[in-house]
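Structure data follow from target-v9.cif (mmCIF, C-alpha atoms):
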data_structure
loop_
_atom_site.label_atom_id
_atom_site.label_comp_id
_atom_site.auth_asym_id
_atom_site.auth_seq_id
_atom_site.Cartn_x
_atom_site.Cartn_y
_atom_site.Cartn_z
CA MET A 1 45.82 72.86 193.28
CA ALA A 2 44.93 71.82 189.73
CA ILE A 3 47.44 72.63 187.00
CA ILE A 4 46.32 75.33 184.55
CA LYS A 5 47.10 74.51 180.93
CA CYS A 6 47.89 76.88 178.09
CA LYS A 7 44.65 77.52 176.19
CA MET A 8 46.61 77.56 172.92
CA CYS A 9 49.00 74.58 173.09
CA GLY A 10 48.03 72.69 176.24
CA GLY A 11 51.39 73.11 178.02
CA ASP A 12 51.58 73.62 181.80
CA LEU A 13 51.55 77.29 182.79
CA ASN A 14 53.66 78.83 185.51
CA ILE A 15 51.19 80.99 187.41
CA VAL A 16 52.01 84.05 189.50
CA GLU A 17 49.74 84.08 192.54
CA GLU A 18 46.58 86.18 192.08
CA SER A 19 47.50 87.02 188.49
CA THR A 20 44.82 86.93 185.77
CA ILE A 21 47.31 86.52 182.91
CA ALA A 22 50.20 84.18 182.14
CA GLU A 23 52.75 83.54 179.42
CA CYS A 24 53.30 80.01 178.13
CA GLU A 25 56.95 78.98 178.12
CA TYR A 26 56.25 76.42 175.38
CA CYS A 27 54.45 78.49 172.70
CA GLY A 28 55.12 81.98 174.03
CA SER A 29 51.43 82.93 174.10
CA ARG A 30 50.35 85.63 176.56
CA GLN A 31 46.86 84.77 177.74
CA THR A 32 44.12 85.23 180.30
CA ILE A 33 43.62 82.58 182.97
CA PRO A 34 40.84 81.76 185.45
CA ASN A 35 40.91 82.90 189.06
CA GLN A 36 42.63 80.25 191.17
CA ASP A 37 40.22 80.47 194.10
CA ASN A 38 38.40 77.13 193.80
CA GLU A 39 39.70 73.63 193.09
CA LYS A 40 36.41 72.40 191.60
CA LYS A 41 36.35 75.32 189.18
CA LEU A 42 39.90 74.67 187.99
CA THR A 43 39.10 71.00 187.46
CA LEU A 44 36.13 71.98 185.29
CA PHE A 45 38.29 74.43 183.34
CA ALA A 46 40.83 71.69 182.67
CA ARG A 47 38.09 69.49 181.21
CA ALA A 48 36.48 72.28 179.18
CA ASP A 49 39.79 73.50 177.76
CA ARG A 50 40.82 69.95 176.83
CA LEU A 51 37.55 69.46 174.91
CA ARG A 52 37.89 72.84 173.21
CA ARG A 53 41.46 72.15 172.09
CA ALA A 54 40.13 68.87 170.60
CA CYS A 55 37.53 70.98 168.71
CA GLU A 56 34.67 69.37 170.69
CA PHE A 57 33.07 72.80 170.91
CA ASP A 58 29.55 71.79 171.99
CA LYS A 59 30.80 69.55 174.79
CA ALA A 60 33.27 72.20 175.95
CA ALA A 61 30.54 74.86 175.94
CA GLY A 62 28.44 72.68 178.23
CA VAL A 63 31.25 72.61 180.79
CA TYR A 64 31.86 76.36 180.54
CA GLU A 65 28.14 76.90 181.09
CA SER A 66 28.29 74.83 184.28
CA ILE A 67 31.18 77.01 185.47
CA VAL A 68 29.17 80.17 184.75
CA ALA A 69 26.21 78.73 186.68
CA ASP A 70 28.34 78.14 189.79
CA PHE A 71 30.76 81.05 189.38
CA PRO A 72 28.88 83.86 187.56
CA GLU A 73 31.73 86.35 188.01
CA GLU A 74 34.39 84.16 186.36
CA ALA A 75 35.40 86.10 183.23
CA GLU A 76 37.38 83.24 181.69
CA ALA A 77 34.30 80.99 181.58
CA TYR A 78 32.44 83.55 179.47
CA TRP A 79 35.46 83.84 177.20
CA GLY A 80 35.50 80.05 176.85
CA LEU A 81 31.90 80.21 175.63
CA VAL A 82 32.91 82.80 173.05
CA LEU A 83 35.75 80.58 171.77
CA CYS A 84 33.34 77.66 171.44
CA ARG A 85 30.66 79.71 169.71
CA TYR A 86 33.10 80.77 167.01
CA GLY A 87 34.90 77.42 166.92
CA ILE A 88 38.30 78.89 167.70
CA GLU A 89 41.29 76.60 167.35
CA TYR A 90 44.83 77.89 167.85
CA VAL A 91 47.25 76.82 165.13
CA ASP A 92 50.89 77.54 164.32
CA ASP A 93 51.58 80.57 162.17
CA PRO A 94 54.18 79.40 159.58
CA ALA A 95 55.63 82.92 159.39
CA THR A 96 56.20 83.52 163.11
CA GLY A 97 55.81 80.12 164.80
CA LYS A 98 53.30 81.74 167.18
CA LYS A 99 49.88 80.35 167.94
CA ILE A 100 47.12 82.20 166.11
CA PRO A 101 43.34 81.68 166.10
CA THR A 102 41.47 80.06 163.25
CA CYS A 103 37.69 79.98 163.08
CA HIS A 104 35.69 76.79 162.47
CA ARG A 105 32.26 78.24 163.28
CA SER A 106 31.77 81.57 161.63
CA SER A 107 28.71 83.74 162.11
CA PHE A 108 26.93 86.71 160.60
CA ASP A 109 27.05 88.21 164.11
CA SER A 110 30.09 90.17 165.26
CA ILE A 111 32.05 88.78 168.18
CA LEU A 112 32.26 92.35 169.50
CA ASP A 113 28.48 92.30 170.02
CA ASP A 114 28.48 88.89 171.74
CA THR A 115 26.87 88.96 175.21
CA ASP A 116 29.38 86.47 176.62
CA PHE A 117 32.22 88.65 175.36
CA ASP A 118 30.60 91.57 177.18
CA GLN A 119 30.42 89.49 180.35
CA ALA A 120 34.05 88.44 180.03
CA CYS A 121 35.14 92.07 179.79
CA GLU A 122 32.80 93.22 182.55
CA ASN A 123 34.12 90.64 185.03
CA ALA A 124 37.82 90.97 184.11
CA ASP A 125 40.42 93.31 185.54
CA ALA A 126 41.96 95.99 183.31
CA ILE A 127 44.88 93.85 182.09
CA ALA A 128 42.78 90.80 181.24
CA ARG A 129 40.11 93.02 179.65
CA ARG A 130 42.70 94.44 177.27
CA LEU A 131 43.76 90.93 176.22
CA TYR A 132 40.15 89.86 175.66
CA ARG A 133 39.53 92.89 173.47
CA ASP A 134 42.72 92.43 171.47
CA GLU A 135 41.98 88.79 170.80
CA ALA A 136 38.33 89.52 169.98
CA LYS A 137 39.46 92.06 167.37
CA ALA A 138 41.76 89.46 165.80
CA ILE A 139 38.90 86.93 165.66
CA GLU A 140 36.55 89.58 164.28
CA ASN A 141 38.97 90.26 161.42
CA ILE A 142 39.00 86.52 160.63
CA ARG A 143 35.18 86.43 160.73
CA ARG A 144 34.91 89.34 158.32
CA GLY A 145 37.35 87.67 155.96
CA ILE A 146 35.29 84.48 156.01
CA LEU A 147 32.11 86.43 155.20
CA GLU A 148 33.84 88.22 152.35
CA VAL A 149 34.92 84.94 150.73
CA SER A 150 31.67 83.06 151.48
CA GLY A 151 29.59 85.89 150.04
CA LYS A 152 31.03 85.16 146.60
CA GLU A 153 29.89 81.52 146.62
CA GLU A 154 26.88 80.39 144.60
CA PRO A 155 24.09 79.00 146.83
CA TYR A 156 23.67 75.25 147.30
CA ASP A 157 20.49 73.19 147.34
CA ILE A 158 21.80 70.28 149.40
CA PHE A 159 24.66 69.77 151.87
CA ILE A 160 26.04 66.23 152.22
CA CYS A 161 27.53 65.61 155.66
CA TYR A 162 29.71 62.52 156.17
CA LYS A 163 33.08 61.26 157.44
CA GLU A 164 35.68 61.14 154.68
CA THR A 165 38.56 59.15 156.23
CA ASP A 166 38.83 56.34 158.75
CA GLU A 167 41.34 55.98 161.60
CA ASN A 168 43.92 54.58 159.16
CA GLY A 169 43.57 57.45 156.71
CA GLY A 170 41.59 55.40 154.21
CA ARG A 171 38.29 56.34 152.63
CA THR A 172 35.16 55.41 154.60
CA ILE A 173 32.22 53.47 153.23
CA ASP A 174 30.17 56.54 154.21
CA SER A 175 32.14 58.57 151.64
CA VAL A 176 31.54 56.00 148.89
CA ILE A 177 27.79 55.85 149.57
CA ALA A 178 27.56 59.63 149.85
CA GLN A 179 29.28 60.09 146.50
CA ASP A 180 26.80 57.78 144.79
CA VAL A 181 24.00 59.99 146.13
CA TYR A 182 25.94 63.12 145.14
CA ASP A 183 26.29 61.84 141.57
CA SER A 184 22.57 61.05 141.34
CA LEU A 185 21.52 64.43 142.73
CA THR A 186 23.83 66.44 140.50
CA GLU A 187 22.56 64.52 137.46
CA LYS A 188 19.09 65.72 138.41
CA GLY A 189 20.30 69.32 138.40
CA TYR A 190 20.77 70.00 142.11
CA ARG A 191 23.76 72.01 143.33
CA VAL A 192 25.22 69.80 146.06
CA PHE A 193 27.99 70.49 148.56
CA PHE A 194 30.09 67.34 148.94
CA SER A 195 33.44 68.18 150.52
CA ARG A 196 35.44 65.52 148.64
CA ILE A 197 34.61 67.31 145.40
CA SER A 198 33.47 70.78 146.47
CA LEU A 199 36.71 71.45 148.38
CA GLU A 200 39.16 69.58 146.16
CA ASP A 201 40.41 72.79 144.55
CA LYS A 202 40.68 74.56 147.92
CA LEU A 203 43.83 72.77 149.13
CA GLY A 204 46.10 75.10 151.07
CA THR A 205 43.23 77.44 151.99
CA GLU A 206 40.84 77.66 154.92
CA TYR A 207 37.73 75.54 154.33
CA GLU A 208 35.45 77.45 156.70
CA PRO A 209 34.28 80.18 154.24
CA TYR A 210 33.02 77.52 151.82
CA ILE A 211 31.46 75.32 154.51
CA PHE A 212 29.83 78.38 156.08
CA ALA A 213 28.38 79.47 152.75
CA ALA A 214 27.05 75.98 152.01
CA LEU A 215 25.52 75.46 155.45
CA ASN A 216 23.66 78.75 155.26
CA SER A 217 22.41 78.42 151.69
CA ALA A 218 21.45 74.74 151.53
CA LYS A 219 17.83 73.95 152.38
CA VAL A 220 18.49 70.25 152.98
CA MET A 221 21.29 68.36 154.73
CA LEU A 222 21.81 64.65 154.18
CA ALA A 223 23.87 63.29 157.11
CA PHE A 224 25.39 59.90 156.31
CA GLY A 225 26.62 57.33 158.83
CA THR A 226 27.25 53.59 158.97
CA ASP A 227 27.96 53.64 162.70
CA PHE A 228 27.46 56.03 165.62
CA GLU A 229 31.11 57.04 165.68
CA CYS A 230 30.84 58.33 162.14
CA PHE A 231 27.89 60.55 163.04
CA ASN A 232 29.74 61.83 166.10
CA ALA A 233 33.15 62.38 164.53
CA VAL A 234 34.32 65.89 165.43
CA TRP A 235 34.01 67.55 162.03
CA VAL A 236 30.87 65.64 161.05
CA LYS A 237 29.16 66.72 164.26
CA ASN A 238 30.45 70.25 163.75
CA GLU A 239 28.49 70.39 160.48
CA TRP A 240 25.18 68.81 161.48
CA SER A 241 25.04 70.57 164.86
CA ARG A 242 25.51 73.93 163.12
CA PHE A 243 22.76 73.03 160.65
CA LEU A 244 20.44 72.11 163.53
CA ALA A 245 21.27 75.44 165.20
CA LEU A 246 20.15 77.27 162.06
CA ILE A 247 16.88 75.30 162.14
CA ALA A 248 16.42 76.13 165.84
CA ALA A 249 16.97 79.80 164.98
CA GLY A 250 13.95 79.68 162.66
CA GLN A 251 15.44 78.94 159.24
CA LYS A 252 13.38 76.67 157.01
CA LYS A 253 15.77 73.78 156.53
CA THR A 254 15.49 70.00 156.75
CA LEU A 255 18.07 67.55 158.10
CA VAL A 256 17.73 63.96 156.91
CA PRO A 257 19.77 61.24 158.72
CA CYS A 258 20.89 58.62 156.18
CA TYR A 259 22.07 55.52 158.04
CA LYS A 260 22.94 51.91 157.31
CA GLY A 261 23.65 49.02 159.67
CA ILE A 262 22.65 50.87 162.86
CA ASP A 263 19.46 51.28 164.87
CA ALA A 264 17.42 54.41 164.13
#

Spit out the file's structure as C-alpha coordinates when you get a sec.
Amino acid sequence: MAIIKCKMCGGDLNIVEESTIAECEYCGSRQTIPNQDNEKKLTLFARADRLRRACEFDKAAGVYESIVADFPEEAEAYWGLVLCRYGIEYVDDPATGKKIPTCHRSSFDSILDDTDFDQACENADAIARRLYRDEAKAIENIRRGILEVSGKEEPYDIFICYKETDENGGRTIDSVIAQDVYDSLTEKGYRVFFSRISLEDKLGTEYEPYIFAALNSAKVMLAFGTDFECFNAVWVKNEWSRFLALIAAGQKKTLVPCYKGIDA
(Lines of atoms letter the chains of each structure in order from A and count residues from 1; the text may use other names and numbers.)
(Lines give C-alpha, C1' and ligand atoms only; values in the text may rest on other atoms or scores of the structure.)
Protein backbone atom coordinates (compact mmCIF):
# COMPACT_ATOMS: atom_id res chain seq x y z
CA MET A 1 0.00 0.00 0.00
CA ALA A 2 1.26 3.48 -0.91
CA ILE A 3 2.50 5.67 1.93
CA ILE A 4 0.28 8.66 2.71
CA LYS A 5 2.21 11.87 3.32
CA CYS A 6 1.32 14.77 5.58
CA LYS A 7 -0.39 17.41 3.43
CA MET A 8 1.34 20.14 5.44
CA CYS A 9 4.98 19.03 5.83
CA GLY A 10 5.31 15.93 3.65
CA GLY A 11 6.22 13.53 6.49
CA ASP A 12 4.99 9.92 6.51
CA LEU A 13 1.69 9.50 8.33
CA ASN A 14 0.82 6.63 10.62
CA ILE A 15 -2.67 5.65 9.51
CA VAL A 16 -5.30 3.89 11.60
CA GLU A 17 -7.19 1.46 9.37
CA GLU A 18 -10.42 2.90 7.91
CA SER A 19 -9.79 6.28 9.53
CA THR A 20 -10.41 9.49 7.54
CA ILE A 21 -8.15 11.64 9.72
CA ALA A 22 -4.57 11.41 10.98
CA GLU A 23 -2.11 13.38 13.06
CA CYS A 24 1.41 14.00 11.78
CA GLU A 25 4.10 13.05 14.28
CA TYR A 26 6.53 15.49 12.63
CA CYS A 27 4.55 18.76 12.53
CA GLY A 28 1.66 17.83 14.81
CA SER A 29 -1.00 18.72 12.23
CA ARG A 30 -4.37 16.97 12.50
CA GLN A 31 -5.68 16.47 8.99
CA THR A 32 -8.05 14.68 6.66
CA ILE A 33 -6.73 11.82 4.52
CA PRO A 34 -8.03 9.93 1.48
CA ASN A 35 -9.81 6.60 1.75
CA GLN A 36 -7.24 3.81 1.53
CA ASP A 37 -9.34 1.54 -0.70
CA ASN A 38 -7.40 1.75 -3.97
CA GLU A 39 -3.66 1.65 -4.69
CA LYS A 40 -3.94 3.63 -7.93
CA LYS A 41 -5.82 6.40 -6.15
CA LEU A 42 -3.21 6.67 -3.39
CA THR A 43 -0.43 6.84 -5.97
CA LEU A 44 -2.23 9.72 -7.69
CA PHE A 45 -2.71 11.48 -4.35
CA ALA A 46 1.00 11.17 -3.62
CA ARG A 47 1.80 12.87 -6.94
CA ALA A 48 -0.84 15.58 -6.55
CA ASP A 49 0.14 16.40 -2.97
CA ARG A 50 3.83 16.56 -3.91
CA LEU A 51 3.06 19.06 -6.69
CA ARG A 52 0.82 21.11 -4.42
CA ARG A 53 3.46 21.31 -1.67
CA ALA A 54 5.87 22.57 -4.37
CA CYS A 55 3.26 25.27 -5.21
CA GLU A 56 2.69 23.75 -8.68
CA PHE A 57 -1.01 24.39 -8.21
CA ASP A 58 -2.19 23.98 -11.81
CA LYS A 59 -0.37 20.68 -12.28
CA ALA A 60 -1.61 19.40 -8.92
CA ALA A 61 -5.19 20.39 -9.78
CA GLY A 62 -4.98 18.33 -12.96
CA VAL A 63 -4.12 15.23 -10.94
CA TYR A 64 -6.87 15.88 -8.38
CA GLU A 65 -9.31 16.24 -11.27
CA SER A 66 -8.29 12.83 -12.61
CA ILE A 67 -8.94 11.36 -9.15
CA VAL A 68 -12.39 12.96 -9.06
CA ALA A 69 -13.14 11.53 -12.52
CA ASP A 70 -12.33 7.98 -11.40
CA PHE A 71 -13.44 8.26 -7.77
CA PRO A 72 -16.28 10.84 -7.65
CA GLU A 73 -17.02 10.13 -3.97
CA GLU A 74 -13.48 10.82 -2.73
CA ALA A 75 -13.84 13.90 -0.50
CA GLU A 76 -10.11 14.53 -0.21
CA ALA A 77 -9.75 15.00 -3.98
CA TYR A 78 -12.31 17.81 -3.93
CA TRP A 79 -10.49 19.37 -0.99
CA GLY A 80 -7.24 19.16 -2.95
CA LEU A 81 -8.88 21.15 -5.74
CA VAL A 82 -9.91 23.80 -3.22
CA LEU A 83 -6.35 24.08 -1.89
CA CYS A 84 -5.04 24.51 -5.44
CA ARG A 85 -7.69 27.07 -6.39
CA TYR A 86 -6.70 29.29 -3.48
CA GLY A 87 -2.98 28.50 -3.75
CA ILE A 88 -2.69 27.20 -0.21
CA GLU A 89 0.80 26.55 1.11
CA TYR A 90 1.38 25.48 4.70
CA VAL A 91 4.13 27.41 6.46
CA ASP A 92 5.55 27.49 9.98
CA ASP A 93 3.89 29.85 12.42
CA PRO A 94 6.78 31.61 14.25
CA ALA A 95 4.63 31.97 17.37
CA THR A 96 3.53 28.35 17.77
CA GLY A 97 5.75 26.31 15.43
CA LYS A 98 2.59 24.81 13.93
CA LYS A 99 1.85 24.63 10.23
CA ILE A 100 -0.65 27.27 9.12
CA PRO A 101 -2.10 28.04 5.68
CA THR A 102 -1.01 30.97 3.57
CA CYS A 103 -2.80 31.95 0.38
CA HIS A 104 -1.00 32.52 -2.94
CA ARG A 105 -4.12 32.71 -5.11
CA SER A 106 -6.74 34.88 -3.55
CA SER A 107 -10.20 35.41 -5.01
CA PHE A 108 -13.20 37.68 -4.74
CA ASP A 109 -15.23 34.49 -4.23
CA SER A 110 -15.61 32.99 -0.76
CA ILE A 111 -14.16 29.54 -0.19
CA LEU A 112 -17.34 28.74 1.76
CA ASP A 113 -19.32 29.06 -1.50
CA ASP A 114 -16.90 26.91 -3.51
CA THR A 115 -18.58 23.93 -5.20
CA ASP A 116 -15.59 21.66 -4.60
CA PHE A 117 -15.68 22.56 -0.91
CA ASP A 118 -19.36 21.58 -0.91
CA GLN A 119 -18.47 18.26 -2.53
CA ALA A 120 -15.70 17.62 -0.01
CA CYS A 121 -18.12 18.13 2.87
CA GLU A 122 -20.90 16.14 1.22
CA ASN A 123 -18.69 13.10 0.66
CA ALA A 124 -16.89 13.22 4.04
CA ASP A 125 -17.87 11.60 7.31
CA ALA A 126 -18.80 13.80 10.28
CA ILE A 127 -15.27 14.02 11.72
CA ALA A 128 -13.58 14.87 8.41
CA ARG A 129 -16.39 17.30 7.55
CA ARG A 130 -15.70 19.24 10.74
CA LEU A 131 -12.00 19.51 9.87
CA TYR A 132 -12.79 20.69 6.34
CA ARG A 133 -15.10 23.38 7.68
CA ASP A 134 -12.64 24.54 10.34
CA GLU A 135 -9.82 24.83 7.83
CA ALA A 136 -12.06 26.52 5.26
CA LYS A 137 -12.99 29.15 7.86
CA ALA A 138 -9.30 29.80 8.56
CA ILE A 139 -8.59 30.20 4.84
CA GLU A 140 -11.64 32.43 4.45
CA ASN A 141 -10.31 34.75 7.15
CA ILE A 142 -7.01 34.97 5.26
CA ARG A 143 -8.86 35.70 2.00
CA ARG A 144 -10.84 38.50 3.61
CA GLY A 145 -7.67 40.00 5.01
CA ILE A 146 -6.06 39.95 1.57
CA LEU A 147 -9.08 41.71 0.05
CA GLU A 148 -9.02 44.34 2.78
CA VAL A 149 -5.37 45.19 2.09
CA SER A 150 -5.61 44.91 -1.71
CA GLY A 151 -8.67 47.16 -1.77
CA LYS A 152 -6.52 50.06 -0.57
CA GLU A 153 -4.07 49.78 -3.48
CA GLU A 154 -4.15 52.22 -6.38
CA PRO A 155 -4.93 50.49 -9.71
CA TYR A 156 -2.14 49.59 -12.12
CA ASP A 157 -2.02 49.96 -15.89
CA ILE A 158 0.57 47.26 -16.59
CA PHE A 159 1.83 44.17 -14.75
CA ILE A 160 5.39 43.03 -15.53
CA CYS A 161 5.83 39.29 -15.00
CA TYR A 162 9.37 37.88 -14.88
CA LYS A 163 11.81 35.73 -12.89
CA GLU A 164 13.87 37.80 -10.46
CA THR A 165 16.59 35.38 -9.29
CA ASP A 166 18.47 32.48 -10.86
CA GLU A 167 19.34 29.13 -9.27
CA ASN A 168 22.39 30.71 -7.59
CA GLY A 169 20.41 33.57 -6.06
CA GLY A 170 21.71 36.12 -8.54
CA ARG A 171 19.66 38.50 -10.63
CA THR A 172 18.40 37.17 -13.96
CA ILE A 173 18.86 38.86 -17.31
CA ASP A 174 15.04 38.81 -17.48
CA SER A 175 14.95 41.14 -14.47
CA VAL A 176 17.44 43.56 -16.04
CA ILE A 177 15.53 43.70 -19.34
CA ALA A 178 12.20 44.03 -17.53
CA GLN A 179 13.48 46.95 -15.47
CA ASP A 180 14.57 48.81 -18.60
CA VAL A 181 11.01 48.45 -19.90
CA TYR A 182 9.61 49.43 -16.49
CA ASP A 183 11.70 52.62 -16.48
CA SER A 184 10.55 53.54 -19.99
CA LEU A 185 6.88 52.92 -19.21
CA THR A 186 6.90 54.85 -15.95
CA GLU A 187 8.58 57.79 -17.71
CA LYS A 188 5.62 57.81 -20.08
CA GLY A 189 3.23 58.07 -17.13
CA TYR A 190 2.02 54.49 -16.79
CA ARG A 191 1.55 52.94 -13.35
CA VAL A 192 3.47 49.66 -13.61
CA PHE A 193 3.69 46.74 -11.21
CA PHE A 194 7.27 45.46 -11.18
CA SER A 195 7.88 43.31 -8.10
CA ARG A 196 11.54 44.30 -7.65
CA ILE A 197 10.41 47.87 -7.02
CA SER A 198 6.70 47.59 -6.23
CA LEU A 199 7.31 45.13 -3.38
CA GLU A 200 10.62 46.46 -2.08
CA ASP A 201 8.96 48.20 0.87
CA LYS A 202 6.82 45.14 1.67
CA LEU A 203 9.60 43.02 3.21
CA GLY A 204 8.33 40.98 6.14
CA THR A 205 4.74 41.07 4.89
CA GLU A 206 2.66 38.80 2.68
CA TYR A 207 2.99 39.75 -0.99
CA GLU A 208 -0.30 38.24 -2.14
CA PRO A 209 -2.56 41.26 -1.38
CA TYR A 210 -0.41 43.49 -3.59
CA ILE A 211 0.00 40.93 -6.37
CA PHE A 212 -3.74 40.21 -6.28
CA ALA A 213 -4.58 43.90 -6.53
CA ALA A 214 -2.17 44.41 -9.43
CA LEU A 215 -3.33 41.35 -11.38
CA ASN A 216 -6.95 42.41 -11.14
CA SER A 217 -6.45 46.09 -11.96
CA ALA A 218 -3.83 45.93 -14.73
CA LYS A 219 -5.19 45.79 -18.27
CA VAL A 220 -1.92 44.53 -19.77
CA MET A 221 0.63 41.96 -18.65
CA LEU A 222 4.11 41.84 -20.13
CA ALA A 223 5.57 38.37 -19.47
CA PHE A 224 9.35 38.31 -19.92
CA GLY A 225 11.51 35.25 -20.55
CA THR A 226 14.89 34.43 -22.05
CA ASP A 227 14.32 30.68 -21.84
CA PHE A 228 11.39 28.33 -21.31
CA GLU A 229 12.37 27.61 -17.72
CA CYS A 230 12.00 31.27 -16.85
CA PHE A 231 8.45 31.36 -18.23
CA ASN A 232 7.59 28.19 -16.34
CA ALA A 233 9.22 29.03 -13.01
CA VAL A 234 6.67 28.41 -10.26
CA TRP A 235 5.94 31.99 -9.25
CA VAL A 236 6.19 33.35 -12.79
CA LYS A 237 3.67 30.79 -13.99
CA ASN A 238 1.50 31.51 -10.97
CA GLU A 239 1.18 35.11 -12.17
CA TRP A 240 0.60 34.65 -15.90
CA SER A 241 -1.74 31.68 -15.44
CA ARG A 242 -3.88 33.73 -13.06
CA PHE A 243 -3.93 36.59 -15.56
CA LEU A 244 -5.01 34.20 -18.32
CA ALA A 245 -7.76 32.88 -16.03
CA LEU A 246 -9.10 36.42 -15.64
CA ILE A 247 -9.11 36.77 -19.43
CA ALA A 248 -10.91 33.43 -19.79
CA ALA A 249 -13.50 34.66 -17.27
CA GLY A 250 -14.35 37.56 -19.59
CA GLN A 251 -12.18 40.42 -18.36
CA LYS A 252 -10.78 42.70 -21.06
CA LYS A 253 -7.07 42.22 -20.55
CA THR A 254 -4.12 41.53 -22.83
CA LEU A 255 -1.11 39.30 -22.15
CA VAL A 256 1.99 40.01 -24.22
CA PRO A 257 4.84 37.43 -24.18
CA CYS A 258 8.19 39.25 -24.36
CA TYR A 259 10.92 36.75 -25.24
CA LYS A 260 14.53 36.74 -26.37
CA GLY A 261 16.72 33.90 -27.59
CA ILE A 262 13.92 31.30 -27.78
CA ASP A 263 11.51 30.13 -30.46
CA ALA A 264 8.06 31.74 -30.40

Using the chain letters and numbers from the file, which residues does the PyMOL selection byres ((chain A and resi 143) around 10) grab, as an NGL selection string? :A and (86 or 102-111 or 137-142 or 144-148 or 208-209)

Would you write out those residues with C-alpha atoms, as a PDB file, keeping the file's coordinate frame?
ATOM      1  CA  TYR A  86      33.100  80.770 167.010  1.00  0.00           C
ATOM      2  CA  THR A 102      41.470  80.060 163.250  1.00  0.00           C
ATOM      3  CA  CYS A 103      37.690  79.980 163.080  1.00  0.00           C
ATOM      4  CA  HIS A 104      35.690  76.790 162.470  1.00  0.00           C
ATOM      5  CA  ARG A 105      32.260  78.240 163.280  1.00  0.00           C
ATOM      6  CA  SER A 106      31.770  81.570 161.630  1.00  0.00           C
ATOM      7  CA  SER A 107      28.710  83.740 162.110  1.00  0.00           C
ATOM      8  CA  PHE A 108      26.930  86.710 160.600  1.00  0.00           C
ATOM      9  CA  ASP A 109      27.050  88.210 164.110  1.00  0.00           C
ATOM     10  CA  SER A 110      30.090  90.170 165.260  1.00  0.00           C
ATOM     11  CA  ILE A 111      32.050  88.780 168.180  1.00  0.00           C
ATOM     12  CA  LYS A 137      39.460  92.060 167.370  1.00  0.00           C
ATOM     13  CA  ALA A 138      41.760  89.460 165.800  1.00  0.00           C
ATOM     14  CA  ILE A 139      38.900  86.930 165.660  1.00  0.00           C
ATOM     15  CA  GLU A 140      36.550  89.580 164.280  1.00  0.00           C
ATOM     16  CA  ASN A 141      38.970  90.260 161.420  1.00  0.00           C
ATOM     17  CA  ILE A 142      39.000  86.520 160.630  1.00  0.00           C
ATOM     18  CA  ARG A 144      34.910  89.340 158.320  1.00  0.00           C
ATOM     19  CA  GLY A 145      37.350  87.670 155.960  1.00  0.00           C
ATOM     20  CA  ILE A 146      35.290  84.480 156.010  1.00  0.00           C
ATOM     21  CA  LEU A 147      32.110  86.430 155.200  1.00  0.00           C
ATOM     22  CA  GLU A 148      33.840  88.220 152.350  1.00  0.00           C
ATOM     23  CA  GLU A 208      35.450  77.450 156.700  1.00  0.00           C
ATOM     24  CA  PRO A 209      34.280  80.180 154.240  1.00  0.00           C
TER      25      PRO A 209
END

Kindly resolve the PyMOL selection byres ((chain A and resi 21) around 7) on the present coordinates and return the residues as a tab-separated table (two decimals) with C-alpha atoms, in the coordinates of the input.
chain	number	residue	atom	x	y	z
A	19	SER	CA	47.50	87.02	188.49
A	20	THR	CA	44.82	86.93	185.77
A	22	ALA	CA	50.20	84.18	182.14
A	31	GLN	CA	46.86	84.77	177.74
A	32	THR	CA	44.12	85.23	180.30
A	33	ILE	CA	43.62	82.58	182.97
A	128	ALA	CA	42.78	90.80	181.24

Rounded to one decimal place, report the CA of Gly80 (chain A)-CA of Glu17 (chain A) distance in Å. 21.6 Å

Hits from the PyMOL selection byres ((chain A and resi 47) around 12), listed as a short mmCIF file (atom, residue, chain, number, x, y, z; two decimals) with C-alpha atoms, in the coordinates of the input:
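Output below, filename result_26.cif:
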data_model
loop_
_atom_site.label_atom_id
_atom_site.label_comp_id
_atom_site.auth_asym_id
_atom_site.auth_seq_id
_atom_site.Cartn_x
_atom_site.Cartn_y
_atom_site.Cartn_z
CA ALA A 2 44.93 71.82 189.73
CA ILE A 3 47.44 72.63 187.00
CA ILE A 4 46.32 75.33 184.55
CA LYS A 5 47.10 74.51 180.93
CA LYS A 7 44.65 77.52 176.19
CA GLY A 10 48.03 72.69 176.24
CA LYS A 40 36.41 72.40 191.60
CA LYS A 41 36.35 75.32 189.18
CA LEU A 42 39.90 74.67 187.99
CA THR A 43 39.10 71.00 187.46
CA LEU A 44 36.13 71.98 185.29
CA PHE A 45 38.29 74.43 183.34
CA ALA A 46 40.83 71.69 182.67
CA ALA A 48 36.48 72.28 179.18
CA ASP A 49 39.79 73.50 177.76
CA ARG A 50 40.82 69.95 176.83
CA LEU A 51 37.55 69.46 174.91
CA ARG A 52 37.89 72.84 173.21
CA ARG A 53 41.46 72.15 172.09
CA ALA A 54 40.13 68.87 170.60
CA GLU A 56 34.67 69.37 170.69
CA PHE A 57 33.07 72.80 170.91
CA LYS A 59 30.80 69.55 174.79
CA ALA A 60 33.27 72.20 175.95
CA ALA A 61 30.54 74.86 175.94
CA GLY A 62 28.44 72.68 178.23
CA VAL A 63 31.25 72.61 180.79
CA TYR A 64 31.86 76.36 180.54
CA SER A 66 28.29 74.83 184.28
CA ILE A 67 31.18 77.01 185.47
CA GLY A 80 35.50 80.05 176.85
#

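Note that the spacing between CA of Asp201 (chain A) and CA of Ala178 (chain A) amounts to 19.1 Å.
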
Selection near Arg130 (chain A), 10 Å with all atoms listed in the file, sequence-local residues under 6 positions removed, as a PyMOL selection string: chain A and resi 32+121+124+136

Using all atoms listed in the file, determine which residues lie at most 6 Å from region 228-245 of chain A, disregarding the query and same-chain residues fewer than 3 positions distant; provide the list as a list of chain:residue names. A:Tyr162, A:Lys163, A:Gly225, A:Ala248

Export, as a tab-separated table (two decimals), keeping the file's coordinate frame, the selected residues with C-alpha atoms.
chain	number	residue	atom	x	y	z
A	162	TYR	CA	29.71	62.52	156.17
A	163	LYS	CA	33.08	61.26	157.44
A	225	GLY	CA	26.62	57.33	158.83
A	248	ALA	CA	16.42	76.13	165.84

Report, in Å to a single decimal, how far apart CA of Asp116 (chain A) and CA of Ser29 (chain A) are. 22.5 Å

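When only C-alpha atoms are used to compute distances to Thr254 (chain A), the closest of the residues A:Tyr132, A:Ala218, A:Tyr207, A:Ala75 turns out to be A:Ala218.
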
At a cut-off of 8 Å, using only C-alpha atoms, what residues contact Lys99 (chain A)? Leave out same-chain residues fewer than 3 positions from it and give the result as a list in words. Met8, Cys9, Cys27, Ser29, Tyr90, Val91, Asp92 and Asp93 of chain A

Near-Pro155 (chain A) list (8 Å; only C-alpha atoms; drop same-chain fewer than 2 positions) as a PyMOL selection string: chain A and resi 153+157+191+213-214+217-218

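With all atoms listed in the file as the basis for measurement, A:Glu74 is the residue among A:Cys55, A:Pro101, A:Cys24, A:Glu74 that approaches Glu122 (chain A) most closely.
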
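The closest residue to Glu164 (chain A), picked from A:Ile262, A:Asp183, A:Val82, A:Ile197 and counting only C-alpha atoms, is A:Ile197.
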
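Distances from A:Glu73, A:Gln119, A:Tyr78, A:Arg30 to Asp134 (chain A) were compared using all atoms listed in the file, and the smallest one belongs to A:Arg30.
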
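For the choices A:Phe224, A:Asp125, A:Asp70, A:Leu255, the atom-to-atom distance to Glu18 (chain A) is smallest for A:Asp125 when using all atoms listed in the file.
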